[in-house]
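Worksheet: one structure, shown below.
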Number of protein chains: 2
Amino acid sequence: MEQEGIKINKTVARAIDIMDYIATNKKPVTLATISKELSIPKSSAFDIMHTLAEKKMLKANNETKQFSLDVKSFEIGSGYLSRNDVHTVARPLLKQISQQTGETAFLAVENNGMIVYLDKVEGISPTRTTCVIGDRNLMHCTGLGKAILATMPIEKIRLITGGGSLQVRTQNTHATFNSLMLDLEEIRKRGYSIDNREDNDYVYCVAVPILDGDNNCIAAISISAIYTPDTENHREAFSQLITNAALEISRKFGYVNPRIYSEDTYGLTDIN
Amino acid sequence: MEQEGIKINKTVARAIDIMDYIATNKKPVTLATISKELSIPKSSAFDIMHTLAEKKMLKANNETKQFSLDVKSFEIGSGYLSRNDVHTVARPLLKQISQQTGETAFLAVENNGMIVYLDKVEGISPTRTTCVIGDRNLMHCTGLGKAILATMPIEKIRLITGGGSLQVRTQNTHATFNSLMLDLEEIRKRGYSIDNREDNDYVYCVAVPILDGDNNCIAAISISAIYTPDTENHREAFSQLITNAALEISRKFGYVNPRIYSEDTYGLTDIN
DNA sequence: ACTAAGTGTTCGTATTTACGAACCGTGTTT
DNA sequence: AAACACGGTTCGTAAATACGAACACTTAGT
């Protein structure tokens, strides 16, 4: 591992790791914590964190000696969305879907083997589902994640999931790689993924990937609702809406096939 | 200037500057551009940008050789909002205000002498106003900016605005420091700021600051509408709504005074 | 009251990075 | 087709950072 020719600059890598740690750990942290958790010498972390604070990336509380994120991190992060085409193209469609169904519509991308929620439009339903924008989640137990996995060659799926037994969240979560692969095959035939309480005991969701002109999966969108015994009755309507929206978005990125999961979409023909 | 005892780490400062540059310039940039614009030697910028790319902060397009922001920047930026208390406390109030008026409600903070838009809830009005979340704007010509300026001591206002002639955006923009100071004094008496087409020829807006237990201004909220000859008729209703909301939010941060601009709020008694 | 354990901070030097210059690859001009 | 311009990449060494150790300060324990 790490035999890449890329020369990693230790200082900037540490700066990012520190901000990432503070962003994911939902509490502000002290210099000592960072030093311990990330195995960075105190004096080194000191220099880095104080420059980050000077640059308004981190906010230093002089009383509690705790560091939290500051506005510049937000400004830079917003820059990602404002020039991320998927986001701007998808948003009106998400709104439309949310209005038509009363449920919440989501947009997510894959990154480092997990999904990252980019956007949501909450429905008016009193029992609507939600999530925190920017948060990560597992792929094998979410509708969005499975929709994306189904576009990938088997080697990549194995790499991401680990290939053996999978982390279980509910009674319905796929516990094994083989079980997941069978589901992915169905997803490809069906044209959309279903998450029937696999991530959360109360949430039902259908999702479809977004593809570009090179048949690369660049994102996925979903409709998500609180599960009730008659949720299945809405499945057909939900899947139609979400598939049409995904096709419309995909076409704006040059995708030309008439359906989302075509043979060209994924490099995989048999799952053995 | 800059005689602080803080030892700035050149490497992390540059890394932040690079991301900041890419975030504010709305186009992807090449290594050469960064090197020229930020006066960083090519070979140094090379190392930094490639580690940033490795860390998923930047995305490197191997064909066009252009760098843009990647998801991690978004994730980190989202971390700011999810633990920024003002944001979570203010959001439901913004929603409420937007529903009651049909117009757009905004939340912004001050940073480095400018306002940064943190959140908005767009109204249903077909002629609603909007902005890009995460963007910056001038203080002296916006309702949000003036509401915040009015809480500051005169030295700080002078520092931020430059103290002399001000950048003019419309016929109504304050062109001089003195003109602005007279307005701020009125704002303090009135309890809220008015932006009557000072930033944009078509936008009218009322705004109020959010204060914490130490009487520090931590943010501002506003209602913004397309200007029409009868917009003034809504002023009283708008200002009541926004002031009540600001007081409600401020109290959650320990603010105890019965009105927003009390004598304790700002260190300033006369403007000469 | 003293000790101990926890912070953050400073400082000198071993270690790492920075960066000028040379190189490579592409596309454009002459 | 040679020369040029303009981008990215590599490399050796001057220059800047990293970091162990010592220090200072606060809080908790005995």
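Each chain of the structure tokens is named A, B, ... in the order shown, its residues numbered from 1; ligands are numbered from 1 in display order.
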
Helix (DSSP H, G or I) residues, from DSSP on the backbone, in segment 165-242 of chain A, as number ranges by chain: A: 177-190, 231-242

If we count only C-alpha atoms (C1' of nucleotides) and set the cut-off at 12 Å, which residues sit around DC19 of chain D, ignoring sequence neighbours fewer than 5 positions away in its own chain? Please answer as an MDAnalysis selection string. (chainID A and resid 35 40:47) or (chainID C and resid 11:16)

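In this structure, atom CA of Met139 of chain B sits 21.8 Å away from atom CA of Lys59 of chain A.
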
If the cut-off is 12 Å, can you tell me the residues of chain D near chain B, counting only C-alpha atoms (C1' of nucleotides)? I'd like them as a PDB file with C-alpha atoms (C1' of nucleotides), in the first residue's frame.
ATOM      1  C1'  DC D   6       2.650  27.065 -21.908  1.00  0.00           C
ATOM      2  C1'  DG D   7       1.273  23.677 -19.222  1.00  0.00           C
ATOM      3  C1'  DG D   8       2.821  19.856 -15.719  1.00  0.00           C
ATOM      4  C1'  DT D   9       6.584  17.140 -13.500  1.00  0.00           C
ATOM      5  C1'  DT D  10      11.098  15.919 -11.296  1.00  0.00           C
ATOM      6  C1'  DC D  11      15.155  16.743  -8.376  1.00  0.00           C
ATOM      7  C1'  DA D  16      11.511  26.214   6.903  1.00  0.00           C
ATOM      8  C1'  DT D  17       9.024  23.028   9.627  1.00  0.00           C
ATOM      9  C1'  DA D  18       8.517  19.263  12.982  1.00  0.00           C
TER      10       DA D  18
END

For the interface of chain C with chain B (cut-off 9 Å, counting only C-alpha atoms (C1' of nucleotides)), please tabulate each contacting residue of chain C alongside its nearest pair of atoms and their separation in Å to one decimal, rows sorted by chain and increasing number, as JSON lines.
{"residue": "C:DT17", "atom": "C1'", "partner": "B:Thr11", "partner_atom": "CA", "distance": 8.9}
{"residue": "C:DA18", "atom": "C1'", "partner": "B:Ser44", "partner_atom": "CA", "distance": 6.2}
{"residue": "C:DC19", "atom": "C1'", "partner": "B:Ser43", "partner_atom": "CA", "distance": 6.3}
{"residue": "C:DG20", "atom": "C1'", "partner": "B:Pro41", "partner_atom": "CA", "distance": 9.0}

Starting from chain A, keep only residues with some atom at most 9 Å from an atom of chain B, counting only C-alpha atoms, and report them as a ChimeraX atom specification. /A:6-13,15-17,19-28,47-48,50-52,54-57,68-84,109,111,116,118,132-136

From atom CA of Asn216 of chain A to atom CA of Ile154 of chain A the spacing works out at 15.0 Å

Atom CA of Thr161 of chain B to atom CA of Tyr202 of chain B: how many Å, to one decimal? 23.6 Å

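Taking the backbone of this structure through DSSP, the residues of segment 111-181 of chain B that come out as strand (DSSP E) are B:Asn111, B:Met114, B:Ile115, B:Val116, B:Tyr117, B:Leu118, B:Asp119, B:Lys120, B:Val121, B:Arg136, B:Asn137.
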
Just write the chosen residues, C-alpha atoms, as a PDB file, in the first residue's frame.
ATOM      1  CA  ASN B 111     -16.798  37.691   8.981  1.00  0.00           C
ATOM      2  CA  MET B 114     -18.439  41.244   5.246  1.00  0.00           C
ATOM      3  CA  ILE B 115     -21.616  39.266   5.743  1.00  0.00           C
ATOM      4  CA  VAL B 116     -21.812  35.568   4.889  1.00  0.00           C
ATOM      5  CA  TYR B 117     -25.227  34.120   4.087  1.00  0.00           C
ATOM      6  CA  LEU B 118     -25.736  31.030   6.250  1.00  0.00           C
ATOM      7  CA  ASP B 119     -29.291  30.098   5.414  1.00  0.00           C
ATOM      8  CA  LYS B 120     -32.426  31.169   3.609  1.00  0.00           C
ATOM      9  CA  VAL B 121     -36.011  30.004   3.424  1.00  0.00           C
ATOM     10  CA  ARG B 136     -20.322  37.127   0.924  1.00  0.00           C
ATOM     11  CA  ASN B 137     -21.683  40.624   0.552  1.00  0.00           C
TER      12      ASN B 137
END

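Ranking A:Asn61, A:Ser39, A:Thr176, A:Ser224 by their shortest atom-to-atom distance to Thr104 of chain A, with only C-alpha atoms included, puts A:Ser224 first.
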
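Taking only C-alpha atoms (C1' of nucleotides), the non-local environment of Gly254 of chain B within 9 Å (same-chain residues fewer than 3 positions away omitted) comprises Leu211, Asp212, Gly213, Asp214, Asn215, Ser250 and Arg251 of chain B.
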
Written file, previous selection with N, CA, C and O atoms, as a PDB file, in the first residue's frame:
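Result file follows (selection_23.pdb):
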ATOM      1  N   LEU B 211     -28.282  38.621  19.340  1.00  0.00           N
ATOM      2  CA  LEU B 211     -27.276  38.897  20.364  1.00  0.00           C
ATOM      3  C   LEU B 211     -27.221  37.768  21.372  1.00  0.00           C
ATOM      4  O   LEU B 211     -28.203  37.052  21.569  1.00  0.00           O
ATOM      5  N   ASP B 212     -26.056  37.598  21.998  1.00  0.00           N
ATOM      6  CA  ASP B 212     -25.946  36.546  23.016  1.00  0.00           C
ATOM      7  C   ASP B 212     -25.916  37.149  24.425  1.00  0.00           C
ATOM      8  O   ASP B 212     -26.123  38.355  24.600  1.00  0.00           O
ATOM      9  N   GLY B 213     -25.636  36.318  25.413  1.00  0.00           N
ATOM     10  CA  GLY B 213     -25.674  36.747  26.805  1.00  0.00           C
ATOM     11  C   GLY B 213     -24.673  37.835  27.163  1.00  0.00           C
ATOM     12  O   GLY B 213     -24.851  38.570  28.136  1.00  0.00           O
ATOM     13  N   ASP B 214     -23.611  37.950  26.364  1.00  0.00           N
ATOM     14  CA  ASP B 214     -22.624  39.000  26.599  1.00  0.00           C
ATOM     15  C   ASP B 214     -22.892  40.229  25.730  1.00  0.00           C
ATOM     16  O   ASP B 214     -22.015  41.082  25.554  1.00  0.00           O
ATOM     17  N   ASN B 215     -24.090  40.300  25.163  1.00  0.00           N
ATOM     18  CA  ASN B 215     -24.471  41.396  24.271  1.00  0.00           C
ATOM     19  C   ASN B 215     -23.615  41.457  23.006  1.00  0.00           C
ATOM     20  O   ASN B 215     -23.538  42.498  22.360  1.00  0.00           O
ATOM     21  N   SER B 250     -32.320  35.338  20.258  1.00  0.00           N
ATOM     22  CA  SER B 250     -31.311  35.930  21.136  1.00  0.00           C
ATOM     23  C   SER B 250     -31.459  35.429  22.570  1.00  0.00           C
ATOM     24  O   SER B 250     -30.467  35.154  23.251  1.00  0.00           O
ATOM     25  N   ARG B 251     -32.703  35.300  23.036  1.00  0.00           N
ATOM     26  CA  ARG B 251     -32.917  34.847  24.417  1.00  0.00           C
ATOM     27  C   ARG B 251     -32.376  33.452  24.619  1.00  0.00           C
ATOM     28  O   ARG B 251     -31.900  33.107  25.694  1.00  0.00           O
TER      29      ARG B 251
END

Residues within 9 Å of segment 23-27 of chain D, only C-alpha atoms (C1' of nucleotides), excluding chain neighbours under 4 positions, as a VMD selection string: chain C and resid 5 to 10

Take the residues that were just selected and, keeping N, CA, C and O atoms (P, O5', C5', C4', C3', O3' and C1' of nucleotides), output them as a compact mmCIF listing (two decimals), in the first residue's frame.
# COMPACT_ATOMS: atom_id res chain seq x y z
P DA C 5 0.04 10.70 38.15
O5' DA C 5 -1.07 11.28 37.17
C5' DA C 5 -2.37 11.62 37.68
C4' DA C 5 -3.01 12.62 36.76
C3' DA C 5 -2.61 12.44 35.29
O3' DA C 5 -3.78 12.49 34.48
C1' DA C 5 -2.29 14.67 35.94
P DG C 6 -3.72 12.08 32.93
O5' DG C 6 -4.15 13.45 32.23
C5' DG C 6 -5.41 14.01 32.59
C4' DG C 6 -5.43 15.49 32.35
C3' DG C 6 -4.84 15.93 31.00
O3' DG C 6 -5.79 15.72 29.96
C1' DG C 6 -4.26 17.45 32.75
P DT C 7 -5.48 16.24 28.49
O5' DT C 7 -5.87 17.78 28.48
C5' DT C 7 -4.99 18.67 27.87
C4' DT C 7 -5.27 20.05 28.37
C3' DT C 7 -4.56 21.12 27.56
O3' DT C 7 -5.46 21.60 26.59
C1' DT C 7 -3.95 21.33 29.82
P DG C 8 -4.95 21.74 25.13
O5' DG C 8 -4.05 23.04 25.26
C5' DG C 8 -4.67 24.24 25.71
C4' DG C 8 -3.61 25.26 26.07
C3' DG C 8 -2.82 25.81 24.88
O3' DG C 8 -2.60 27.20 25.08
C1' DG C 8 -1.33 24.83 26.42
P DT C 9 -2.08 28.04 23.83
O5' DT C 9 -0.51 28.10 24.10
C5' DT C 9 -0.04 28.72 25.30
C4' DT C 9 1.46 28.58 25.42
C3' DT C 9 2.25 28.99 24.17
O3' DT C 9 2.97 30.18 24.46
C1' DT C 9 3.10 27.01 25.20
P DT C 10 3.87 30.84 23.37
O5' DT C 10 5.29 30.17 23.65
C5' DT C 10 5.99 30.50 24.85
C4' DT C 10 7.33 29.78 24.88
C3' DT C 10 8.28 30.12 23.72
O3' DT C 10 9.52 30.51 24.29
C1' DT C 10 8.10 27.78 23.98

Just want the 8 Å neighbourhood of Glu122 of chain A, counted on only C-alpha atoms (C1' of nucleotides), with same-chain residues fewer than 5 positions away dropped. Output as an MDAnalysis selection string. chainID A and resid 98 103:105 128:130

File dump, residues just selected, N, CA and C atoms, as a tab-separated table (two decimals), in the first residue's frame:
chain	number	residue	atom	x	y	z
A	98	SER	N	-40.86	15.83	-4.32
A	98	SER	CA	-41.32	15.98	-2.95
A	98	SER	C	-42.74	16.53	-2.89
A	103	GLU	N	-43.46	13.26	0.29
A	103	GLU	CA	-42.37	12.63	1.03
A	103	GLU	C	-41.04	13.37	0.77
A	104	THR	N	-39.96	12.90	1.41
A	104	THR	CA	-38.67	13.57	1.27
A	104	THR	C	-37.86	12.97	0.11
A	105	ALA	N	-37.28	13.84	-0.69
A	105	ALA	CA	-36.42	13.41	-1.80
A	105	ALA	C	-34.97	13.72	-1.46
A	128	ARG	N	-42.49	12.44	7.95
A	128	ARG	CA	-41.48	12.41	6.91
A	128	ARG	C	-40.12	11.96	7.46
A	129	THR	N	-39.28	11.49	6.56
A	129	THR	CA	-37.93	11.09	6.96
A	129	THR	C	-36.97	12.25	6.70
A	130	THR	N	-35.80	12.17	7.31
A	130	THR	CA	-34.84	13.24	7.11
A	130	THR	C	-33.42	12.74	7.35
